[in-house]
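Undergrad: Contents are compact mmCIF, C-alpha atoms; file name structure-v3.txt:
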```
# COMPACT_ATOMS: atom_id res chain seq x y z
CA MET A 1 117.80 35.67 7.15
CA GLN A 2 117.29 33.18 4.29
CA ASP A 3 113.56 33.11 4.98
CA LEU A 4 113.43 36.89 5.06
CA GLU A 5 115.26 37.04 1.73
CA ASN A 6 112.89 34.51 0.16
CA ASP A 7 109.79 36.28 1.46
CA ILE A 8 111.02 39.61 0.13
CA ARG A 9 111.99 38.02 -3.20
CA ASN A 10 108.44 36.69 -3.56
CA LEU A 11 106.94 40.05 -2.60
CA ILE A 12 109.08 41.83 -5.20
CA ALA A 13 108.37 39.17 -7.85
CA GLU A 14 104.65 39.76 -7.47
CA ILE A 15 104.99 43.54 -7.75
CA ILE A 16 107.34 43.57 -10.74
CA GLU A 17 105.69 40.57 -12.38
CA LYS A 18 108.85 38.51 -12.78
CA ASP A 19 109.70 34.96 -11.86
CA PRO A 20 111.30 34.89 -8.38
CA SER A 21 114.29 33.00 -9.85
CA GLU A 22 115.23 36.10 -11.87
CA ILE A 23 115.57 38.17 -8.71
CA THR A 24 119.06 37.15 -7.63
CA PRO A 25 120.58 39.02 -4.67
CA ASP A 26 122.66 41.32 -6.87
CA ALA A 27 120.44 41.68 -9.97
CA LYS A 28 120.05 45.41 -10.56
CA PHE A 29 116.39 46.38 -10.30
CA VAL A 30 116.39 49.17 -12.88
CA GLU A 31 118.92 47.95 -15.41
CA GLU A 32 118.27 44.20 -15.26
CA LEU A 33 114.72 43.78 -14.01
CA GLY A 34 112.95 46.84 -15.46
CA VAL A 35 111.86 48.25 -12.10
CA ASP A 36 110.63 51.85 -12.28
CA SER A 37 110.13 54.43 -9.53
CA MET A 38 106.47 53.51 -9.12
CA MET A 39 107.36 49.86 -8.55
CA ALA A 40 110.06 50.88 -6.07
CA LEU A 41 107.41 52.75 -4.07
CA GLU A 42 105.17 49.67 -4.23
CA ILE A 43 108.03 47.53 -2.91
CA LEU A 44 108.62 49.96 -0.05
CA ALA A 45 104.90 50.08 0.77
CA GLY A 46 104.74 46.26 0.52
CA LEU A 47 107.56 45.88 3.05
CA GLU A 48 105.87 48.34 5.42
CA LYS A 49 102.60 46.43 5.26
CA LYS A 50 104.08 42.93 5.47
CA TYR A 51 106.39 43.64 8.38
CA ARG A 52 104.42 46.46 10.04
CA ILE A 53 107.38 48.79 9.91
CA ALA A 54 107.77 52.42 8.78
CA ILE A 55 110.52 53.07 6.26
CA PRO A 56 111.46 56.71 5.60
CA GLU A 57 111.34 58.16 2.09
CA GLU A 58 115.10 58.58 1.81
CA LYS A 59 115.48 54.78 1.71
CA LEU A 60 113.57 54.67 -1.57
CA ALA A 61 116.75 55.41 -3.52
CA SER A 62 118.45 52.39 -1.90
CA ILE A 63 115.90 49.90 -3.22
CA THR A 64 118.24 48.88 -6.04
CA THR A 65 118.82 45.14 -5.54
CA LEU A 66 117.29 42.33 -3.50
CA LYS A 67 120.34 42.41 -1.21
CA GLU A 68 119.91 46.14 -0.51
CA THR A 69 116.16 45.75 0.01
CA VAL A 70 116.64 42.92 2.50
CA ALA A 71 119.20 45.05 4.36
CA ILE A 72 116.66 47.90 4.63
CA ALA A 73 113.94 45.58 5.91
CA LYS A 74 116.37 44.07 8.41
CA GLU A 75 117.47 47.48 9.67
CA PHE A 76 113.91 48.61 10.35
CA LEU A 77 112.77 45.24 11.73
CA GLU A 78 115.60 45.45 14.26
CA ALA A 79 114.74 49.06 15.06
CA ALA A 80 111.11 48.01 15.64
CA LYS A 81 112.24 45.19 17.93
CA THR A 82 114.38 47.58 19.98
CA CYS A 83 111.43 49.95 20.34
CA ASN A 84 109.19 47.16 21.59
CA VAL A 85 111.57 46.04 24.34
CA MET B 1 83.78 69.89 2.54
CA PHE B 2 84.92 71.42 -0.77
CA ASP B 3 82.53 72.87 -3.30
CA ILE B 4 83.26 72.99 -7.02
CA GLU B 5 85.03 76.37 -6.72
CA LYS B 6 87.59 74.97 -4.31
CA ILE B 7 87.95 71.75 -6.31
CA GLN B 8 88.96 73.87 -9.30
CA LYS B 9 91.67 75.57 -7.25
CA VAL B 10 93.30 72.18 -6.75
CA LEU B 11 92.52 70.34 -10.01
CA PRO B 12 93.56 71.87 -13.33
CA HIS B 13 90.86 69.85 -15.14
CA ARG B 14 87.91 71.64 -16.72
CA PHE B 15 84.84 70.85 -18.80
CA PRO B 16 84.33 68.25 -20.12
CA PHE B 17 86.99 66.50 -18.11
CA LEU B 18 86.47 67.59 -14.50
CA LEU B 19 85.07 64.40 -13.02
CA ILE B 20 84.53 65.42 -9.40
CA ASP B 21 81.54 67.45 -8.20
CA ARG B 22 82.05 67.63 -4.46
CA VAL B 23 84.61 66.67 -1.84
CA LEU B 24 82.99 65.40 1.35
CA GLU B 25 86.11 64.78 3.41
CA VAL B 26 89.82 65.35 3.09
CA GLU B 27 92.57 64.41 5.46
CA PRO B 28 95.58 65.65 3.48
CA GLY B 29 98.05 62.91 2.66
CA LYS B 30 95.77 60.25 4.14
CA ARG B 31 92.18 60.03 2.97
CA ALA B 32 89.58 61.69 0.77
CA VAL B 33 85.92 61.02 0.00
CA VAL B 34 84.43 62.65 -3.09
CA LEU B 35 81.26 62.57 -5.17
CA LYS B 36 80.76 62.38 -8.92
CA ASN B 37 77.21 62.78 -10.20
CA VAL B 38 76.56 60.96 -13.44
CA SER B 39 73.98 62.72 -15.63
CA ILE B 40 72.40 61.59 -18.89
CA ASN B 41 73.68 64.93 -20.24
CA GLU B 42 77.27 63.66 -20.16
CA GLY B 43 78.48 63.82 -23.75
CA PHE B 44 79.94 60.32 -23.79
CA PHE B 45 76.50 58.72 -23.31
CA ALA B 46 75.62 59.75 -26.86
CA GLY B 47 78.01 57.14 -28.18
CA HIS B 48 78.58 54.76 -25.24
CA PHE B 49 76.15 53.30 -26.11
CA PRO B 50 73.12 54.47 -28.11
CA GLY B 51 70.09 53.03 -26.32
CA ASN B 52 72.26 51.54 -23.56
CA PRO B 53 74.05 54.37 -21.70
CA LEU B 54 77.03 53.09 -19.68
CA MET B 55 79.77 55.23 -18.15
CA PRO B 56 83.07 54.10 -19.72
CA GLU B 57 85.24 52.34 -17.13
CA THR B 58 88.21 54.40 -18.31
CA LEU B 59 86.36 57.53 -17.14
CA ILE B 60 85.51 55.91 -13.80
CA MET B 61 89.25 55.31 -13.55
CA GLU B 62 89.91 58.98 -14.37
CA ALA B 63 87.46 60.06 -11.64
CA MET B 64 89.34 57.77 -9.22
CA ALA B 65 92.62 59.41 -10.26
CA GLN B 66 91.22 62.95 -9.87
CA ALA B 67 89.87 61.99 -6.43
CA SER B 68 93.37 60.80 -5.50
CA ILE B 69 94.80 64.25 -6.26
CA MET B 70 92.61 65.60 -3.46
CA LEU B 71 95.12 64.12 -1.01
CA LEU B 72 97.40 66.95 -2.16
CA ALA B 73 94.68 69.57 -1.60
CA ASP B 74 96.49 71.52 1.13
CA GLU B 75 99.71 72.12 -0.75
CA GLY B 76 97.97 72.01 -4.11
CA GLU B 77 95.93 75.12 -3.37
CA GLN B 78 99.08 77.12 -2.72
CA LYS B 79 101.60 75.68 -5.17
CA LYS B 80 101.33 74.74 -8.82
CA PHE B 81 101.99 71.17 -9.76
CA ASP B 82 101.76 68.66 -12.57
CA VAL B 83 100.51 65.21 -11.77
CA TYR B 84 100.94 62.08 -13.85
CA LEU B 85 99.29 58.71 -13.55
CA GLY B 86 102.05 56.18 -12.90
CA SER B 87 100.32 52.85 -12.41
CA VAL B 88 96.80 51.44 -12.26
CA LYS B 89 95.36 48.15 -11.07
CA ALA B 90 91.58 48.15 -11.11
CA ASP B 91 88.50 45.96 -11.06
CA PHE B 92 85.14 47.13 -12.35
CA LEU B 93 82.36 45.17 -10.73
CA HIS B 94 79.09 46.77 -11.84
CA PRO B 95 78.03 49.11 -14.66
CA VAL B 96 77.50 52.82 -13.94
CA ARG B 97 74.46 54.42 -15.54
CA PRO B 98 72.86 57.88 -15.76
CA GLY B 99 71.50 58.99 -12.38
CA ASP B 100 74.15 57.15 -10.39
CA GLN B 101 76.21 59.04 -7.83
CA LEU B 102 79.75 57.73 -7.43
CA LYS B 103 81.12 57.91 -3.93
CA ILE B 104 84.87 57.61 -4.31
CA THR B 105 87.00 56.88 -1.24
CA VAL B 106 90.77 57.26 -1.47
CA GLU B 107 93.08 55.86 1.22
CA ALA B 108 96.82 56.53 1.11
CA ILE B 109 99.06 53.47 1.07
CA LYS B 110 102.27 55.50 0.90
CA ILE B 111 102.77 59.15 0.01
CA VAL B 112 106.27 60.58 -0.44
CA SER B 113 107.27 64.02 -1.69
CA GLU B 114 106.98 63.33 -5.41
CA GLN B 115 105.01 60.08 -5.58
CA GLY B 116 101.95 58.49 -4.13
CA LEU B 117 100.34 55.07 -3.93
CA VAL B 118 96.66 54.92 -2.95
CA SER B 119 93.82 52.44 -2.79
CA VAL B 120 90.49 53.62 -4.13
CA THR B 121 86.94 52.28 -3.90
CA VAL B 122 83.88 53.48 -5.79
CA GLU B 123 80.37 52.90 -4.48
CA VAL B 124 76.90 53.64 -5.82
CA GLU B 125 74.25 53.63 -3.08
CA GLY B 126 76.50 51.53 -0.86
CA LYS B 127 77.30 48.96 -3.57
CA LEU B 128 80.93 48.56 -4.59
CA VAL B 129 81.18 49.22 -8.34
CA ALA B 130 84.96 49.58 -8.73
CA ARG B 131 88.14 49.28 -6.72
CA GLY B 132 91.77 49.77 -7.51
CA GLN B 133 95.25 50.86 -6.67
CA ILE B 134 96.69 53.98 -8.27
CA GLY B 135 100.24 55.23 -8.35
CA PHE B 136 100.91 58.85 -9.28
CA VAL B 137 103.88 61.14 -9.72
CA VAL B 138 103.80 64.81 -8.71
CA LYS B 139 106.10 67.52 -10.02
CA TRP B 140 105.88 70.64 -7.87
CA MET B 141 106.63 73.89 -9.72
```
Mind converting the file's structure to structure tokens?
TA:
Amino acid sequence: MQDLENDIRNLIAEIIEKDPSEITPDAKFVEELGVDSMMALEILAGLEKKYRIAIPEEKLASITTLKETVAIAKEFLEAAKTCNV
Amino acid sequence: MFDIEKIQKVLPHRFPFLLIDRVLEVEPGKRAVVLKNVSINEGFFAGHFPGNPLMPETLIMEAMAQASIMLLADEGEQKKFDVYLGSVKADFLHPVRPGDQLKITVEAIKIVSEQGLVSVTVEVEGKLVARGQIGFVVKWM
């Protein structure tokens, strides 16, 4: 879980061009980190590519903090695992 | 394949700013391949640069963005929409000169109802001259 969080933090840091240390679990993407809707789509697309998962559009609105983003990735990683069994 | 008539049903751009001449392939929402012919008669060559005509990279970027809109061709022919460039990351690798034909290939990274993220390559005679990632926002009317 910690590794997943760190990997996603680094992925987000690269997209939003911030130092990973600024992306604390509860830092608000829009208000505190200057994330816009285009960056949110890049984050979603980045997660899909990195973890080979498909995340539906309605989850885009939930990409608001690192904690929420990790929860989305986890949900769809688990769904993918279940499908593969 | 789309000819210029059909291109103009999708793109609102007109002279001197319609930077696509032909669409070779479209898989709506997924992929498009288009052509832009670069003629010495293009107005910008008069000033960019006298005696050394080079297509401005910003216009190559614009052609890449217009090509990206072709992913919306299906819906775009039936419904009106505004499209805005949201983000651009691009590399320009070789100059484009009069007589070149740009072959622009757009591949969807992620398309949702009002936004899209695509990767785009531009080739001249098989040589990569530019590549980039474009994000756009669509407002359907």
Undergrad: Of the residues A:Phe76, A:Glu17, A:Asp3, A:Leu11, which is the one nearest to Lys50 (chain A), using only C-alpha atoms?
TA: A:Leu11
Undergrad: Determine which residues of chain B sit within 12 Å of chain A, taking into account all atoms listed in the file, and present them as a list in words.
TA: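 Taking all atoms listed in the file into account, Tyr84, Leu85, Gly86, Ser87, Val88, Lys89, Ala108, Ile109, Lys110, Ile111, Val112, Ser113, Glu114, Gln115, Gly116, Leu117, Val118, Ser119, Gln133, Ile134, Gly135, Phe136, Val137 and Val138 of chain B sit within 12 Å of chain A.
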Undergrad: Hey, can you spit out that residue selection with C-alpha atoms as a PDB file, in the frame of the given file?
TA:
```pdb
ATOM      1  CA  TYR B  84     100.940  62.080 -13.850  1.00  0.00           C
ATOM      2  CA  LEU B  85      99.290  58.710 -13.550  1.00  0.00           C
ATOM      3  CA  GLY B  86     102.050  56.180 -12.900  1.00  0.00           C
ATOM      4  CA  SER B  87     100.320  52.850 -12.410  1.00  0.00           C
ATOM      5  CA  VAL B  88      96.800  51.440 -12.260  1.00  0.00           C
ATOM      6  CA  LYS B  89      95.360  48.150 -11.070  1.00  0.00           C
ATOM      7  CA  ALA B 108      96.820  56.530   1.110  1.00  0.00           C
ATOM      8  CA  ILE B 109      99.060  53.470   1.070  1.00  0.00           C
ATOM      9  CA  LYS B 110     102.270  55.500   0.900  1.00  0.00           C
ATOM     10  CA  ILE B 111     102.770  59.150   0.010  1.00  0.00           C
ATOM     11  CA  VAL B 112     106.270  60.580  -0.440  1.00  0.00           C
ATOM     12  CA  SER B 113     107.270  64.020  -1.690  1.00  0.00           C
ATOM     13  CA  GLU B 114     106.980  63.330  -5.410  1.00  0.00           C
ATOM     14  CA  GLN B 115     105.010  60.080  -5.580  1.00  0.00           C
ATOM     15  CA  GLY B 116     101.950  58.490  -4.130  1.00  0.00           C
ATOM     16  CA  LEU B 117     100.340  55.070  -3.930  1.00  0.00           C
ATOM     17  CA  VAL B 118      96.660  54.920  -2.950  1.00  0.00           C
ATOM     18  CA  SER B 119      93.820  52.440  -2.790  1.00  0.00           C
ATOM     19  CA  GLN B 133      95.250  50.860  -6.670  1.00  0.00           C
ATOM     20  CA  ILE B 134      96.690  53.980  -8.270  1.00  0.00           C
ATOM     21  CA  GLY B 135     100.240  55.230  -8.350  1.00  0.00           C
ATOM     22  CA  PHE B 136     100.910  58.850  -9.280  1.00  0.00           C
ATOM     23  CA  VAL B 137     103.880  61.140  -9.720  1.00  0.00           C
ATOM     24  CA  VAL B 138     103.800  64.810  -8.710  1.00  0.00           C
TER      25      VAL B 138
END
```
Undergrad: List as a list in words the residues having at least one atom at most 10 Å from position (76.4, 58.6, -20.8) as given in the file, counting all atoms listed in the file.
TA: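 Selection result: Val38, Ser39, Ile40, Asn41, Glu42, Gly43, Phe44, Phe45, Ala46, Gly47, His48, Phe49, Pro50, Asn52, Pro53, Leu54, Met55, Pro56, Val96, Arg97, Pro98 and Gly99 of chain B.
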Undergrad: Do a neighbour search on Leu93 (chain B) at 9 Å with all atoms listed in the file, toss out local chain neighbours closer than 6 positions, and write the hits as a PyMOL selection string.
TA: chain B and resi 128-131
Undergrad: Those residues with C-alpha atoms, as a PDB file, in the coordinates of the input please?
TA:
```
ATOM      1  CA  LEU B 128      80.930  48.560  -4.590  1.00  0.00           C
ATOM      2  CA  VAL B 129      81.180  49.220  -8.340  1.00  0.00           C
ATOM      3  CA  ALA B 130      84.960  49.580  -8.730  1.00  0.00           C
ATOM      4  CA  ARG B 131      88.140  49.280  -6.720  1.00  0.00           C
TER       5      ARG B 131
END
```
Undergrad: What does the distance between CA of Ala13 (chain A) and CA of Asp26 (chain A) come to in Å, to one decimal place?
TA: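 These atoms are spaced 14.5 Å apart.
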Undergrad: Kindly indicate which residue among B:Thr58, B:Gln8, B:Thr105, B:Ser68 lies nearest to Val33 (chain B), using all atoms listed in the file for the distances.
TA: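 The shortest atom-to-atom distance to Val33 (chain B) comes from B:Thr105.
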Undergrad: Starting from the structure just given, write a file holding region 1-17 of chain B with N, CA, C and O atoms, as an mmCIF file, in the first residue's frame.
TA:
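What follows is the written file selection_6.cif:
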```
data_model
loop_
_atom_site.group_PDB
_atom_site.id
_atom_site.type_symbol
_atom_site.label_atom_id
_atom_site.label_comp_id
_atom_site.auth_asym_id
_atom_site.auth_seq_id
_atom_site.Cartn_x
_atom_site.Cartn_y
_atom_site.Cartn_z
ATOM 1 N N MET B 1 -11.963 7.858 -46.018
ATOM 2 C CA MET B 1 -11.174 9.076 -46.287
ATOM 3 C C MET B 1 -12.106 10.299 -46.366
ATOM 4 O O MET B 1 -13.199 10.181 -46.896
ATOM 5 N N PHE B 2 -11.659 11.423 -45.816
ATOM 6 C CA PHE B 2 -12.444 12.658 -45.905
ATOM 7 C C PHE B 2 -11.771 13.589 -46.902
ATOM 8 O O PHE B 2 -10.557 13.781 -46.842
ATOM 9 N N ASP B 3 -12.564 14.222 -47.739
ATOM 10 C CA ASP B 3 -12.021 15.287 -48.571
ATOM 11 C C ASP B 3 -12.205 16.619 -47.824
ATOM 12 O O ASP B 3 -12.718 16.658 -46.706
ATOM 13 N N ILE B 4 -11.816 17.695 -48.493
ATOM 14 C CA ILE B 4 -11.819 19.000 -47.816
ATOM 15 C C ILE B 4 -13.244 19.455 -47.466
ATOM 16 O O ILE B 4 -13.462 20.141 -46.467
ATOM 17 N N GLU B 5 -14.226 19.026 -48.276
ATOM 18 C CA GLU B 5 -15.618 19.399 -47.986
ATOM 19 C C GLU B 5 -16.050 18.835 -46.635
ATOM 20 O O GLU B 5 -16.648 19.516 -45.806
ATOM 21 N N LYS B 6 -15.737 17.560 -46.435
ATOM 22 C CA LYS B 6 -16.152 16.907 -45.190
ATOM 23 C C LYS B 6 -15.344 17.437 -44.002
ATOM 24 O O LYS B 6 -15.877 17.581 -42.904
ATOM 25 N N ILE B 7 -14.071 17.732 -44.254
ATOM 26 C CA ILE B 7 -13.242 18.304 -43.176
ATOM 27 C C ILE B 7 -13.891 19.596 -42.669
ATOM 28 O O ILE B 7 -13.973 19.837 -41.460
ATOM 29 N N GLN B 8 -14.409 20.388 -43.605
ATOM 30 C CA GLN B 8 -14.999 21.676 -43.215
ATOM 31 C C GLN B 8 -16.356 21.520 -42.510
ATOM 32 O O GLN B 8 -16.848 22.455 -41.904
ATOM 33 N N LYS B 9 -16.932 20.340 -42.596
ATOM 34 C CA LYS B 9 -18.158 20.099 -41.818
ATOM 35 C C LYS B 9 -17.819 19.846 -40.347
ATOM 36 O O LYS B 9 -18.639 20.043 -39.468
ATOM 37 N N VAL B 10 -16.604 19.362 -40.120
ATOM 38 C CA VAL B 10 -16.194 19.075 -38.738
ATOM 39 C C VAL B 10 -15.455 20.268 -38.129
ATOM 40 O O VAL B 10 -15.766 20.705 -37.025
ATOM 41 N N LEU B 11 -14.477 20.797 -38.866
ATOM 42 C CA LEU B 11 -13.660 21.901 -38.334
ATOM 43 C C LEU B 11 -14.283 23.249 -38.685
ATOM 44 O O LEU B 11 -14.652 23.467 -39.838
ATOM 45 N N PRO B 12 -14.368 24.157 -37.726
ATOM 46 C CA PRO B 12 -14.872 25.494 -38.031
ATOM 47 C C PRO B 12 -13.816 26.387 -38.701
ATOM 48 O O PRO B 12 -14.130 27.469 -39.193
ATOM 49 N N HIS B 13 -12.583 25.958 -38.738
ATOM 50 C CA HIS B 13 -11.488 26.779 -39.275
ATOM 51 C C HIS B 13 -11.640 27.004 -40.779
ATOM 52 O O HIS B 13 -12.081 26.118 -41.494
ATOM 53 N N ARG B 14 -11.224 28.165 -41.222
ATOM 54 C CA ARG B 14 -11.250 28.505 -42.645
ATOM 55 C C ARG B 14 -9.969 29.249 -43.010
ATOM 56 O O ARG B 14 -9.186 29.581 -42.135
ATOM 57 N N PHE B 15 -9.836 29.546 -44.307
ATOM 58 C CA PHE B 15 -8.667 30.265 -44.792
ATOM 59 C C PHE B 15 -8.402 31.508 -43.949
ATOM 60 O O PHE B 15 -9.358 32.237 -43.670
ATOM 61 N N PRO B 16 -7.208 31.805 -43.559
ATOM 62 C CA PRO B 16 -5.975 31.063 -43.874
ATOM 63 C C PRO B 16 -5.557 30.114 -42.757
ATOM 64 O O PRO B 16 -4.390 29.833 -42.599
ATOM 65 N N PHE B 17 -6.548 29.638 -42.010
ATOM 66 C CA PHE B 17 -6.179 28.903 -40.802
ATOM 67 C C PHE B 17 -6.687 27.466 -40.761
ATOM 68 O O PHE B 17 -6.698 26.840 -39.718
#
```
